[in-house]
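Trainee: Dropping in structure_21.txt, which is compact mmCIF, C-alpha atoms and all ligand atoms:
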```txt
# COMPACT_ATOMS: atom_id res chain seq x y z
CA MET Z 136 -4.18 -9.15 18.90
CA THR Z 137 -6.61 -10.11 21.68
CA GLN Z 138 -7.66 -13.71 22.14
CA SER Z 139 -11.24 -13.04 21.09
CA ALA Z 140 -10.10 -11.21 17.94
CA ASP Z 141 -7.83 -14.16 17.24
CA ARG Z 142 -10.74 -16.59 17.62
CA GLU Z 143 -12.82 -14.43 15.34
CA THR Z 144 -10.12 -14.53 12.64
CA MET Z 145 -9.85 -18.28 12.96
CA SER Z 146 -13.59 -18.77 12.56
CA ASP Z 147 -13.70 -16.29 9.67
CA TYR Z 148 -10.96 -18.32 8.03
CA GLN Z 149 -12.78 -21.62 8.61
CA HIS Z 150 -15.98 -20.19 7.21
CA LEU Z 151 -14.16 -18.96 4.09
CA ALA Z 152 -12.20 -22.20 3.67
CA ASP Z 153 -15.43 -24.24 3.86
CA GLN Z 154 -17.11 -21.94 1.36
CA LEU Z 155 -14.20 -22.26 -1.10
CA ALA Z 156 -13.97 -26.03 -0.63
CA SER Z 157 -17.68 -26.36 -1.36
CA LYS Z 158 -16.97 -24.80 -4.79
CA GLY Z 159 -14.35 -27.49 -5.42
CA LEU Z 160 -11.35 -25.22 -4.73
CA ASP Z 161 -8.24 -26.75 -3.19
CA VAL Z 162 -7.67 -24.31 -0.33
CA GLU Z 163 -4.27 -25.79 0.58
CA ALA Z 164 -3.08 -25.26 -3.01
CA VAL Z 165 -4.33 -21.65 -2.93
CA LYS Z 166 -2.40 -21.03 0.30
CA ALA Z 167 0.74 -22.63 -1.17
CA GLN Z 168 0.56 -20.27 -4.16
CA LEU Z 169 0.14 -17.25 -1.90
CA LYS Z 170 3.16 -18.33 0.15
CA ALA Z 171 5.23 -18.72 -3.01
CA GLN Z 172 4.39 -15.25 -4.37
CA LYS Z 173 7.38 -12.94 -4.86
CA ILE Z 174 7.17 -9.17 -5.09
CA GLU Z 175 10.20 -7.00 -5.82
CA LEU Z 176 10.57 -3.72 -3.92
CA PRO Z 177 12.05 -0.57 -5.53
CA SER Z 178 15.04 0.90 -3.69
CA TRP Z 179 13.83 4.40 -4.63
CA GLY Z 180 10.51 3.87 -2.84
CA PHE Z 181 12.30 4.23 0.51
CA ALA Z 182 14.07 7.49 -0.32
CA ASN Z 183 12.76 11.03 -0.43
CA THR Z 184 10.98 11.35 -3.76
CA GLY Z 185 8.27 13.74 -4.76
CA THR Z 186 6.58 15.45 -7.64
CA ARG Z 187 8.19 17.97 -9.97
CA PHE Z 188 6.74 20.64 -7.69
CA LYS Z 189 8.05 19.60 -4.31
CA THR Z 190 9.74 16.84 -2.37
CA TYR Z 191 8.84 16.78 1.31
CA ALA Z 192 11.51 15.39 3.58
CA TRP Z 193 10.28 12.38 5.51
CA PRO Z 194 11.97 11.75 8.86
CA GLY Z 195 13.96 8.55 8.54
CA ALA Z 196 13.83 8.33 4.72
CA ALA Z 197 16.68 6.16 3.42
CA ARG Z 198 19.67 8.26 2.36
CA ASN Z 199 21.65 5.64 0.51
CA ILE Z 200 21.36 2.12 -0.88
CA TYR Z 201 22.41 0.54 2.42
CA GLU Z 202 19.53 2.19 4.25
CA LYS Z 203 17.17 1.33 1.38
CA LEU Z 204 18.15 -2.33 1.66
CA ALA Z 205 17.68 -2.26 5.43
CA ASP Z 206 14.16 -0.86 4.99
CA ALA Z 207 13.33 -3.33 2.23
CA GLY Z 208 14.65 -6.14 4.43
CA PHE Z 209 12.28 -5.00 7.15
CA VAL Z 210 9.33 -5.02 4.75
CA HIS Z 211 10.31 -8.56 3.73
CA LYS Z 212 10.52 -9.57 7.38
CA LEU Z 213 6.95 -8.35 7.92
CA THR Z 214 5.43 -9.76 4.74
CA GLY Z 215 7.60 -12.76 3.84
CA VAL Z 216 7.08 -12.25 0.09
CA CYS Z 217 9.58 -9.53 -0.89
CA PRO Z 218 12.96 -11.27 -1.22
CA THR Z 219 14.45 -8.91 -3.84
CA VAL Z 220 15.06 -5.20 -4.29
CA ALA Z 221 15.37 -3.40 -7.63
CA ILE Z 222 18.18 -0.87 -7.83
CA HIS Z 223 18.52 2.24 -9.99
CA ILE Z 224 21.88 3.31 -11.44
CA PRO Z 225 23.47 5.79 -10.75
CA TRP Z 226 21.22 6.52 -7.74
CA ASP Z 227 22.34 3.32 -6.00
CA LYS Z 228 25.88 3.07 -7.31
CA VAL Z 229 28.54 1.93 -4.84
CA LYS Z 230 32.27 1.26 -5.09
CA ASP Z 231 32.18 -2.17 -3.49
CA TRP Z 232 29.42 -4.33 -4.95
CA ASP Z 233 30.51 -7.45 -3.04
CA ASP Z 234 30.05 -5.57 0.19
CA LEU Z 235 26.57 -4.47 -0.91
CA VAL Z 236 25.58 -8.03 -1.83
CA GLU Z 237 26.75 -9.21 1.59
CA TYR Z 238 24.85 -6.42 3.31
CA ALA Z 239 21.68 -7.27 1.36
CA GLU Z 240 22.01 -10.91 2.38
CA ALA Z 241 22.34 -9.90 6.01
CA GLN Z 242 19.04 -8.01 5.63
CA GLY Z 243 17.42 -11.16 4.24
CA VAL Z 244 17.11 -9.85 0.67
CA ALA Z 245 18.94 -10.00 -2.66
CA ILE Z 246 19.35 -7.46 -5.42
CA GLY Z 247 16.84 -7.76 -8.24
CA ALA Z 248 16.48 -5.86 -11.49
CA VAL Z 249 19.10 -3.25 -12.31
CA ASN Z 250 17.39 -0.15 -13.74
CA THR Z 251 19.24 2.10 -16.14
CA ASN Z 252 18.88 5.87 -16.01
CA THR Z 253 19.27 7.89 -19.19
CA PHE Z 254 16.79 10.60 -18.26
CA GLN Z 255 18.59 12.90 -15.85
CA ALA Z 256 21.99 13.87 -17.22
CA ASP Z 257 22.26 17.10 -19.25
CA ARG Z 258 23.69 15.20 -22.19
CA TYR Z 259 20.30 13.56 -22.76
CA LYS Z 260 18.42 16.80 -23.46
CA TRP Z 261 17.88 15.73 -27.09
CA GLY Z 262 17.42 12.08 -26.29
CA SER Z 263 19.58 9.19 -25.16
CA ILE Z 264 19.36 6.03 -27.26
CA THR Z 265 17.61 7.88 -30.09
CA ASN Z 266 19.93 10.90 -30.02
CA ALA Z 267 21.30 11.89 -33.46
CA ASP Z 268 24.70 12.55 -31.85
CA PRO Z 269 26.75 9.32 -31.82
CA ALA Z 270 28.80 10.56 -28.84
CA VAL Z 271 25.66 10.76 -26.69
CA ARG Z 272 24.53 7.32 -27.82
CA ARG Z 273 28.01 6.01 -26.97
CA ALA Z 274 27.73 7.45 -23.44
CA ALA Z 275 24.30 5.83 -23.09
CA LEU Z 276 25.69 2.53 -24.35
CA ASP Z 277 28.54 2.65 -21.84
CA HIS Z 278 25.97 3.20 -19.10
CA HIS Z 279 23.97 0.15 -20.25
CA LEU Z 280 27.11 -1.99 -20.42
CA GLU Z 281 28.01 -0.83 -16.92
CA CYS Z 282 24.53 -1.81 -15.70
CA ILE Z 283 24.93 -5.28 -17.24
CA GLU Z 284 28.28 -5.62 -15.44
CA ILE Z 285 26.67 -4.51 -12.16
CA ALA Z 286 23.84 -7.00 -12.69
CA LYS Z 287 26.41 -9.78 -13.17
CA ARG Z 288 28.33 -8.71 -10.05
CA VAL Z 289 25.24 -8.63 -7.82
CA GLY Z 290 23.74 -11.85 -9.21
CA SER Z 291 20.77 -10.15 -10.85
CA HIS Z 292 18.83 -11.78 -13.68
CA ALA Z 293 17.38 -8.67 -15.29
CA ILE Z 294 18.12 -5.19 -16.48
CA SER Z 295 15.16 -2.89 -16.64
CA LEU Z 296 15.07 -0.22 -19.33
CA TRP Z 297 12.92 2.86 -19.62
CA TYR Z 298 13.57 5.89 -21.80
CA GLY Z 299 12.32 9.43 -21.55
CA ASP Z 300 13.19 9.86 -25.23
CA GLY Z 301 10.66 11.68 -27.39
CA THR Z 302 9.82 15.05 -28.89
CA ASN Z 303 7.67 17.99 -27.86
CA TYR Z 304 6.54 19.37 -31.22
CA ALA Z 305 5.29 17.95 -34.49
CA GLY Z 306 8.04 18.23 -37.06
CA GLN Z 307 10.79 18.41 -34.43
CA GLU Z 308 12.45 15.19 -35.67
CA SER Z 309 11.83 12.13 -37.79
CA PHE Z 310 10.04 9.33 -35.90
CA VAL Z 311 11.54 6.69 -38.14
CA GLU Z 312 15.16 7.84 -37.99
CA ARG Z 313 14.92 7.96 -34.19
CA ARG Z 314 13.41 4.47 -34.20
CA HIS Z 315 16.20 3.08 -36.34
CA ARG Z 316 18.81 4.49 -33.98
CA MET Z 317 16.94 3.03 -31.01
CA ILE Z 318 16.73 -0.45 -32.53
CA ALA Z 319 20.42 -0.44 -33.50
CA PHE Z 320 21.27 0.67 -29.96
CA LEU Z 321 19.16 -1.97 -28.25
CA LYS Z 322 20.68 -4.66 -30.48
CA GLU Z 323 24.10 -3.72 -29.12
CA VAL Z 324 22.81 -3.94 -25.55
CA TYR Z 325 21.16 -7.29 -26.29
CA ALA Z 326 24.42 -8.66 -27.70
CA ALA Z 327 26.13 -7.88 -24.39
CA LEU Z 328 23.57 -9.76 -22.27
CA PRO Z 329 24.72 -12.99 -20.63
CA GLY Z 330 22.45 -15.96 -21.40
CA HIS Z 331 20.67 -15.94 -18.02
CA MET Z 332 19.80 -12.24 -18.10
CA ARG Z 333 16.57 -10.71 -19.32
CA MET Z 334 16.13 -7.27 -20.78
CA LEU Z 335 12.81 -5.76 -19.67
CA ILE Z 336 11.64 -2.95 -21.93
CA GLU Z 337 9.18 -0.48 -20.42
CA TYR Z 338 6.91 1.77 -22.46
CA LYS Z 339 5.20 4.99 -21.44
CA LEU Z 340 2.84 7.13 -23.48
CA TYR Z 341 4.14 10.55 -22.44
CA GLU Z 342 6.28 12.44 -19.93
CA PRO Z 343 8.88 13.90 -19.98
CA ALA Z 344 8.25 14.19 -23.75
CA PHE Z 345 4.78 15.53 -24.55
CA TYR Z 346 4.28 15.23 -28.29
CA HIS Z 347 5.60 11.74 -28.89
CA THR Z 348 7.55 9.16 -26.90
CA ASP Z 349 9.76 6.73 -28.82
CA LEU Z 350 8.41 3.68 -26.96
CA ALA Z 351 4.88 4.87 -26.28
CA ASP Z 352 2.87 1.69 -25.93
CA TRP Z 353 3.01 -2.09 -25.53
CA GLY Z 354 2.86 -2.72 -29.27
CA GLN Z 355 5.94 -0.59 -29.92
CA ALA Z 356 7.82 -2.26 -27.06
CA TYR Z 357 6.70 -5.67 -28.30
CA ALA Z 358 7.86 -5.00 -31.87
CA VAL Z 359 11.30 -4.03 -30.57
CA CYS Z 360 11.47 -7.13 -28.36
CA ILE Z 361 10.65 -9.34 -31.35
CA LYS Z 362 13.54 -7.79 -33.29
CA LEU Z 363 15.90 -8.39 -30.36
CA GLY Z 364 15.22 -11.99 -29.37
CA PRO Z 365 13.89 -14.21 -26.56
CA GLN Z 366 15.72 -12.48 -23.72
CA ALA Z 367 13.92 -9.21 -24.45
CA GLN Z 368 10.45 -8.86 -22.93
CA VAL Z 369 7.93 -6.12 -22.28
CA LEU Z 370 7.54 -4.43 -18.89
CA VAL Z 371 4.06 -3.12 -18.07
CA ASP Z 372 3.98 -0.14 -15.69
CA LEU Z 373 0.36 0.38 -14.66
CA GLY Z 374 0.72 4.16 -14.77
CA HIS Z 375 1.93 4.32 -18.36
CA HIS Z 376 -1.30 4.06 -20.37
CA ALA Z 377 -3.92 6.44 -21.65
CA GLN Z 378 -7.10 6.70 -19.60
CA GLY Z 379 -9.44 3.76 -20.02
CA VAL Z 380 -6.94 1.41 -21.67
CA ASN Z 381 -7.74 -2.22 -20.93
CA ILE Z 382 -4.47 -3.27 -19.27
CA GLU Z 383 -5.64 -6.80 -18.47
CA HIS Z 384 -6.18 -7.37 -22.19
CA ILE Z 385 -2.61 -6.22 -22.89
CA VAL Z 386 -1.39 -8.57 -20.15
CA ALA Z 387 -3.31 -11.52 -21.64
CA THR Z 388 -1.92 -10.80 -25.11
CA LEU Z 389 1.69 -10.46 -23.95
CA LEU Z 390 1.39 -13.67 -21.91
CA ASP Z 391 -0.01 -15.47 -24.91
CA GLU Z 392 2.98 -14.28 -26.96
CA GLY Z 393 5.50 -15.24 -24.22
CA LYS Z 394 6.57 -11.60 -24.08
CA LEU Z 395 5.36 -10.40 -20.70
CA GLY Z 396 8.55 -9.77 -18.74
CA GLY Z 397 7.16 -8.07 -15.70
CA PHE Z 398 5.23 -5.29 -14.04
CA HIS Z 399 5.85 -2.02 -12.37
CA PHE Z 400 2.93 -1.93 -9.97
CA ASN Z 401 1.46 1.36 -8.84
CA ASN Z 402 -1.87 3.10 -9.23
CA ARG Z 403 -3.10 6.24 -10.86
CA LYS Z 404 -6.13 8.40 -11.18
CA TYR Z 405 -4.89 10.61 -14.01
CA GLY Z 406 -1.31 10.31 -15.32
CA ASP Z 407 1.75 8.47 -14.05
CA ASP Z 408 0.68 9.20 -10.48
CA ASP Z 409 2.81 6.49 -8.81
CA LEU Z 410 0.26 6.05 -6.02
CA ILE Z 411 0.01 2.90 -3.92
CA VAL Z 412 -1.04 -0.04 -6.08
CA GLY Z 413 -4.67 -1.12 -5.66
CA THR Z 414 -5.84 2.05 -3.93
CA ILE Z 415 -7.70 3.77 -6.78
CA ASN Z 416 -8.71 0.83 -8.91
CA PRO Z 417 -8.55 -2.51 -7.08
CA LEU Z 418 -10.82 -4.10 -9.70
CA GLU Z 419 -8.20 -3.49 -12.40
CA MET Z 420 -5.56 -5.19 -10.25
CA PHE Z 421 -7.84 -8.17 -9.72
CA LEU Z 422 -8.56 -8.45 -13.44
CA ILE Z 423 -4.84 -8.33 -14.22
CA PHE Z 424 -4.15 -11.11 -11.72
CA ASN Z 425 -7.09 -13.02 -13.12
CA GLU Z 426 -5.29 -13.14 -16.48
CA LEU Z 427 -2.02 -14.15 -14.81
CA VAL Z 428 -3.67 -17.00 -12.92
CA ALA Z 429 -5.62 -18.09 -16.00
CA ALA Z 430 -2.35 -18.22 -17.98
CA GLY Z 431 -0.91 -20.81 -15.56
CA ASP Z 432 2.67 -21.77 -16.40
CA ALA Z 433 2.97 -19.07 -19.07
CA ALA Z 434 3.13 -16.55 -16.20
CA LYS Z 435 5.76 -18.35 -14.13
CA ASP Z 436 8.69 -16.05 -15.01
CA VAL Z 437 6.86 -12.76 -14.77
CA ALA Z 438 8.65 -10.27 -12.49
CA TYR Z 439 6.29 -8.54 -10.07
CA MET Z 440 7.92 -5.25 -9.19
CA ILE Z 441 6.60 -2.17 -7.44
CA ASP Z 442 7.46 1.24 -8.89
CA GLN Z 443 6.05 3.95 -6.67
CA SER Z 444 7.02 7.41 -5.56
CA HIS Z 445 5.81 8.16 -2.07
CA VAL Z 446 5.27 11.87 -1.64
CA ILE Z 447 3.14 12.33 1.51
CA GLU Z 448 2.90 8.71 2.67
CA PRO Z 449 5.08 7.17 5.38
CA LYS Z 450 7.42 5.21 3.13
CA ILE Z 451 7.63 1.85 4.89
CA GLU Z 452 3.94 1.69 5.69
CA ALA Z 453 3.22 2.62 2.05
CA MET Z 454 5.34 -0.30 0.90
CA VAL Z 455 3.73 -2.77 3.31
CA GLN Z 456 0.28 -1.59 2.19
CA SER Z 457 1.33 -2.06 -1.45
CA VAL Z 458 2.36 -5.63 -0.76
CA ILE Z 459 -0.92 -6.35 1.03
CA ASN Z 460 -2.90 -4.92 -1.89
CA ILE Z 461 -1.00 -7.07 -4.39
CA GLN Z 462 -1.55 -10.16 -2.24
CA THR Z 463 -5.24 -9.33 -2.03
CA ALA Z 464 -5.61 -9.09 -5.81
CA TYR Z 465 -3.72 -12.36 -6.26
CA ALA Z 466 -5.74 -14.18 -3.59
CA LYS Z 467 -9.00 -13.08 -5.20
CA ALA Z 468 -7.80 -14.23 -8.62
CA LEU Z 469 -6.80 -17.61 -7.17
CA ILE Z 470 -10.29 -18.26 -5.81
CA VAL Z 471 -12.15 -17.63 -9.07
CA ASP Z 472 -14.35 -20.64 -9.72
CA ARG Z 473 -12.77 -21.35 -13.13
CA ALA Z 474 -14.84 -24.45 -13.91
CA ARG Z 475 -18.03 -22.49 -13.42
CA LEU Z 476 -16.66 -19.52 -15.36
CA ARG Z 477 -15.90 -21.77 -18.33
CA GLU Z 478 -19.32 -23.39 -18.10
CA ARG Z 479 -21.13 -20.02 -17.99
CA GLN Z 480 -18.98 -18.72 -20.89
CA ASP Z 481 -19.79 -21.79 -22.98
CA ALA Z 482 -23.49 -21.36 -22.19
CA ARG Z 483 -23.26 -17.76 -23.47
CA ASP Z 484 -24.51 -16.68 -20.05
CA VAL Z 485 -22.90 -13.24 -20.18
CA LEU Z 486 -23.97 -12.07 -16.75
CA GLY Z 487 -23.58 -15.48 -15.13
CA ALA Z 488 -19.94 -15.50 -16.26
CA HIS Z 489 -19.46 -11.93 -15.08
CA ARG Z 490 -21.03 -12.72 -11.69
CA THR Z 491 -18.74 -15.73 -11.29
CA LEU Z 492 -15.72 -13.46 -11.67
CA MET Z 493 -17.16 -10.74 -9.44
CA ASP Z 494 -18.04 -13.30 -6.80
CA ALA Z 495 -14.30 -13.83 -6.27
CA PHE Z 496 -13.59 -10.10 -6.35
CA GLU Z 497 -16.23 -9.45 -3.72
CA THR Z 498 -14.99 -12.18 -1.39
CA ASP Z 499 -13.23 -10.93 1.72
CA VAL Z 500 -9.87 -12.71 1.49
CA ARG Z 501 -8.37 -11.07 4.58
CA PRO Z 502 -8.89 -14.15 6.80
CA LEU Z 503 -7.20 -16.31 4.14
CA LEU Z 504 -4.18 -13.99 3.95
CA ALA Z 505 -3.99 -13.77 7.74
CA ARG Z 506 -3.89 -17.57 7.91
CA VAL Z 507 -1.23 -17.76 5.19
CA ARG Z 508 0.95 -15.32 7.16
CA GLU Z 509 0.49 -17.24 10.40
CA GLU Z 510 1.50 -20.44 8.66
CA MET Z 511 4.61 -18.59 7.40
CA GLY Z 512 5.44 -17.67 10.98
CA LEU Z 513 4.47 -14.02 10.48
CA HIS Z 514 2.12 -11.63 12.24
CA PRO Z 515 -1.31 -11.98 10.54
CA ASP Z 516 -1.51 -8.19 10.12
CA PRO Z 517 1.77 -6.68 8.80
CA ILE Z 518 0.57 -3.09 9.33
CA ALA Z 519 -0.13 -3.80 13.01
CA ALA Z 520 3.25 -5.53 13.24
CA LEU Z 521 4.96 -2.50 11.69
CA ARG Z 522 3.24 -0.11 14.06
CA GLN Z 523 4.14 -2.25 17.07
CA SER Z 524 7.74 -2.66 15.95
CA GLY Z 525 8.82 0.95 16.48
CA TYR Z 526 10.99 0.62 13.33
CA GLU Z 527 9.83 3.89 11.78
CA GLN Z 528 10.52 5.81 15.00
CA LYS Z 529 13.92 4.13 15.29
CA ILE Z 530 15.07 5.13 11.79
CA ALA Z 531 13.64 8.62 12.20
CA ALA Z 532 15.75 9.06 15.34
CA GLU Z 533 18.85 7.53 13.77
CA ARG Z 534 18.69 9.15 10.34
CA GLY Z 535 16.85 12.38 11.08
CA VAL Z 536 15.45 14.58 8.31
CA SER Z 537 17.72 14.68 5.29
CA GLU Z 538 18.10 17.50 2.80
CA VAL Z 539 16.08 17.00 -0.35
CA GLY Z 540 16.58 18.33 -3.81
CA GLY Z 541 14.12 17.90 -6.67
CA GLY Z 542 11.71 15.05 -7.28
CA TYR Z 543 14.40 12.42 -7.65
CA PRO Z 544 18.06 12.02 -6.76
CA GLU Z 545 20.25 13.56 -9.44
CA GLY Z 546 21.73 11.50 -12.25
CA ASP Z 547 25.34 11.52 -13.30
C1 LIG J 1 9.32 6.19 -15.53
O1 LIG J 1 8.20 6.96 -15.23
C2 LIG J 1 9.46 5.03 -14.55
O2 LIG J 1 8.24 4.33 -14.46
C3 LIG J 1 10.61 4.11 -14.92
O3 LIG J 1 10.35 2.81 -14.50
C4 LIG J 1 11.72 4.68 -14.14
O4 LIG J 1 12.81 3.82 -14.00
C5 LIG J 1 11.02 4.99 -12.85
O5 LIG J 1 9.76 5.49 -13.27
C6 LIG J 1 11.71 5.98 -11.99
O6 LIG J 1 10.96 6.15 -10.82
MN MN J 2 8.17 2.22 -14.10
```
Transcribe the structure of this file into structure tokens.
Mentor:
Amino acid sequence: MTQSADRETMSDYQHLADQLASKGLDVEAVKAQLKAQKIELPSWGFANTGTRFKTYAWPGAARNIYEKLADAGFVHKLTGVCPTVAIHIPWDKVKDWDDLVEYAEAQGVAIGAVNTNTFQADRYKWGSITNADPAVRRAALDHHLECIEIAKRVGSHAISLWYGDGTNYAGQESFVERRHRMIAFLKEVYAALPGHMRMLIEYKLYEPAFYHTDLADWGQAYAVCIKLGPQAQVLVDLGHHAQGVNIEHIVATLLDEGKLGGFHFNNRKYGDDDLIVGTINPLEMFLIFNELVAAGDAAKDVAYMIDQSHVIEPKIEAMVQSVINIQTAYAKALIVDRARLRERQDARDVLGAHRTLMDAFETDVRPLLARVREEMGLHPDPIAALRQSGYEQKIAAERGVSEVGGGYPEGD
């Protein structure tokens, strides 16, 4: 960055800080919250993934969990807010977990949520945890128990569960019988959880099943969590709703019930597009963070995880951009003039209240985030830092272009 550009950033920051202070906001407190933010990266976001039509090989894409952790560590080094990495089993399975934990530590990160996978093996054609065949359910249970053991070994505090279970045709199977099998299954998994571990249950309205999905929406996931107990909470993946669903309202409700476990951040235009979070609908991201900030302490244990599949994007840059977009939404939510919002709401000033919220959304928070990064000892612009680092060229040269199969690595 040139000196004059630097001066410009500084004065932009001062201007913004003065403006926020004049509204009674504690700018130092806002910066402290931004520094304390934690975003979990998905191991699979660094590997070659694609659509069901095609996976394009990206030069330097991570080929195994060690390379994924190295890349995630680099993203954390650039952004300072990504200290953990979610893993997916069996994609990231290794023989020596202690060695992996040590390697992660050396990259400056730790292992986060352990994701189960009951959607790729042939045995799950007719379902996994809802399957009428007890032998298939037993295999699925063994997989869950193995994931809990892995989570214990790597020091993780959460297992993350998503099921492709569902049917394709009306009349294919009984909804209720499947549901009973699912609840009985999840009770067995819950009973095996150590006291410090959470079970995050993710819903999705369709895909791969197209007529019905056994956990299709937040209400169904919530009802199951209530049956299980306090360690079971709902995971909201932003790509898993019907068009037009008010996700921020779901978030507010789950927070109010103490049942919001975490997020899978991504963005979509149509279905479960897994695009970079905040690229299609940044307003939705802001409104979600607005609910999280408004909830205060009730949101303190929420896990902020990214779940994206990068098809044509450079993978590391995509991840850095995702982190920046999440930080931007959070920063904007932190600078909402909440006293004024309350006052306008109480006065039944519909548009005054709306403008108060939008005033924060329309504020350019880039100088604030640049200052936060500088105070954390980081480059103010992580994308520029990435481009200057030569990291992507280095891994492309070292790793080359690996063979790719389908959309995702195969299951067991
Ligand atoms: C399913 O679409 C999902 O969102 C689940 O979280 C899976 O674990 C993940 O995608 C696989 O990429
Ligand atoms: Mn997900």
Trainee: Where does stretch 181-254 of chain Z meet stretch 428-450 of chain Z within 9 Å, residue by residue, with the nearest atom pair and distance in Å to one decimal for each, counting all atoms listed in the file, listed by chain and rising number, as CSV?
Mentor:
```
residue,atom,partner,partner_atom,distance
Z:Phe181,CA,Z:Lys450,CA,5.6
Z:Ala182,CA,Z:Lys450,CA,7.8
Z:Asn183,CA,Z:Val446,CA,7.6
Z:Thr184,CA,Z:Ser444,CA,5.9
Z:Gly185,CA,Z:Val446,CA,4.7
Z:Thr186,CA,Z:Val446,CA,7.1
Z:Lys189,CA,Z:Val446,CA,8.6
Z:Thr190,CA,Z:Val446,CA,6.7
Z:Tyr191,CA,Z:Val446,CA,6.7
Z:Ala192,CA,Z:Val446,CA,8.9
Z:Trp193,CA,Z:Pro449,CA,7.4
Z:Pro194,CA,Z:Pro449,CA,9.0
Z:Ala196,CA,Z:Lys450,CA,7.3
Z:Val220,CA,Z:Met440,CA,8.7
Z:Ala221,CA,Z:Met440,CA,7.8
Z:Ala248,CA,Z:Met440,CA,8.9
```
Trainee: Give me, please, the distance in Å between atom CA of Z:Gln149 and atom CA of Z:Ile459, quoted to one decimal.
Mentor: 20.8 Å
Trainee: As an exercise, work out the distance from atom CA of Z:Thr253 to atom CA of Z:Ile294 in Å and give it to one decimal place.
Mentor: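 Separation between atom CA of Z:Thr253 and atom CA of Z:Ile294: 13.4 Å.
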Trainee: Could you please extract the residues within 12 Å of ligand MN 2 (chain J), counting all atoms listed in the file, and hand them back as a ChimeraX atom specification?
Mentor: /Z:177,179-180,221,223,248,250-252,295-299,335-340,342,369-376,397-402,407-410,439-444
Trainee: Do you know which residues are at most 9 Å from stretch 267-283 of chain Z counting all atoms listed in the file, after dropping those on the same chain fewer than 4 positions away, and could you put them as a ChimeraX atom specification?
Mentor: /Z:224,249-253,258-259,261-263,287-288,293-294,296,312-313,316,320-321,323-324,327-329,332
Trainee: Given the selection you just returned, output its residues as a file containing C-alpha atoms, formatted as a CSV table (one decimal), in the coordinates of the input.
Mentor:
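Final output, saved to selection.csv:
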```csv
chain,number,residue,atom,x,y,z
Z,224,ILE,CA,21.9,3.3,-11.4
Z,249,VAL,CA,19.1,-3.2,-12.3
Z,250,ASN,CA,17.4,-0.2,-13.7
Z,251,THR,CA,19.2,2.1,-16.1
Z,252,ASN,CA,18.9,5.9,-16.0
Z,253,THR,CA,19.3,7.9,-19.2
Z,258,ARG,CA,23.7,15.2,-22.2
Z,259,TYR,CA,20.3,13.6,-22.8
Z,261,TRP,CA,17.9,15.7,-27.1
Z,262,GLY,CA,17.4,12.1,-26.3
Z,263,SER,CA,19.6,9.2,-25.2
Z,287,LYS,CA,26.4,-9.8,-13.2
Z,288,ARG,CA,28.3,-8.7,-10.0
Z,293,ALA,CA,17.4,-8.7,-15.3
Z,294,ILE,CA,18.1,-5.2,-16.5
Z,296,LEU,CA,15.1,-0.2,-19.3
Z,312,GLU,CA,15.2,7.8,-38.0
Z,313,ARG,CA,14.9,8.0,-34.2
Z,316,ARG,CA,18.8,4.5,-34.0
Z,320,PHE,CA,21.3,0.7,-30.0
Z,321,LEU,CA,19.2,-2.0,-28.2
Z,323,GLU,CA,24.1,-3.7,-29.1
Z,324,VAL,CA,22.8,-3.9,-25.6
Z,327,ALA,CA,26.1,-7.9,-24.4
Z,328,LEU,CA,23.6,-9.8,-22.3
Z,329,PRO,CA,24.7,-13.0,-20.6
Z,332,MET,CA,19.8,-12.2,-18.1
```
Trainee: What is the distance, in Å and to one decimal place, between atom CA of Z:Pro343 and atom CA of Z:Ala305?
Mentor: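 A separation of 15.5 Å between them.
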Trainee: Env of Z:Leu521: 12 Å cut, atoms = only C-alpha atoms, seq-sep filter 2 positions within chain, self excluded. Answer as a ChimeraX atom specification.
Mentor: /Z:206,209-214,449-456,513-519,523-529
Trainee: Do you know which residues are at most 8 Å from Z:Gln242 counting all atoms listed in the file, after dropping those on the same chain fewer than 5 positions away, and could you put them as a PyMOL selection string?
Mentor: chain Z and resi 204-205+208-209
Trainee: Go through Z:Gln355, Z:Thr348, Z:Asn425, Z:Asn381 one by one, measure the shortest atom-to-atom distance of each to ligand LIG 1 (chain J) using all atoms listed in the file, and give the residue with the smallest value.
Mentor: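 Checking each of Z:Gln355, Z:Thr348, Z:Asn425, Z:Asn381 against ligand LIG 1 (chain J), counting all atoms listed in the file, the winner is Z:Thr348.
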Trainee: Calculated over all atoms listed in the file, which of the candidates Z:Ala387, Z:Ile530, Z:Ala351, Z:Cys360 has the smallest distance to ligand LIG 1 (chain J)?
Mentor: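 Answer, going by the shortest atom-to-atom distance: Z:Ala351.
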Trainee: Can you tell me, as a list in words, what residues are no more than 10 Å from Z:Tyr465 when counting only C-alpha atoms, ignoring any on the same chain fewer than 5 positions away?
Mentor: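 The filter keeps Val165, Gln168, Leu169, Gln172, Met420, Phe421, Leu422, Ile423, Phe424, Asn425, Leu427, Val428, Ile459, Asn460, Ile470 and Val500 of chain Z.
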Trainee: Which one is closest to Z:Gly396: Z:His347, Z:Lys362, Z:Arg333, Z:Lys322? Count only C-alpha atoms.
Mentor: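 Checking each candidate against Z:Gly396, we get Z:Arg333 as the closest.
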Trainee: Select, from Z:Ala466, Z:Val507, Z:Ile461, Z:Ile222, the residue with the minimum atom-to-atom distance to ligand LIG 1 (chain J), counting all atoms listed in the file.
Mentor: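 When distances to ligand LIG 1 (chain J) are compared using all atoms listed in the file, the smallest one comes from Z:Ile222.
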Trainee: Using only C-alpha atoms, pick whichever of Z:Asp481, Z:Asp147, Z:Glu308, Z:Glu533 has the shortest atom-to-atom distance to Z:Thr498.
Mentor: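 The closest residue to Z:Thr498 is Z:Asp147.
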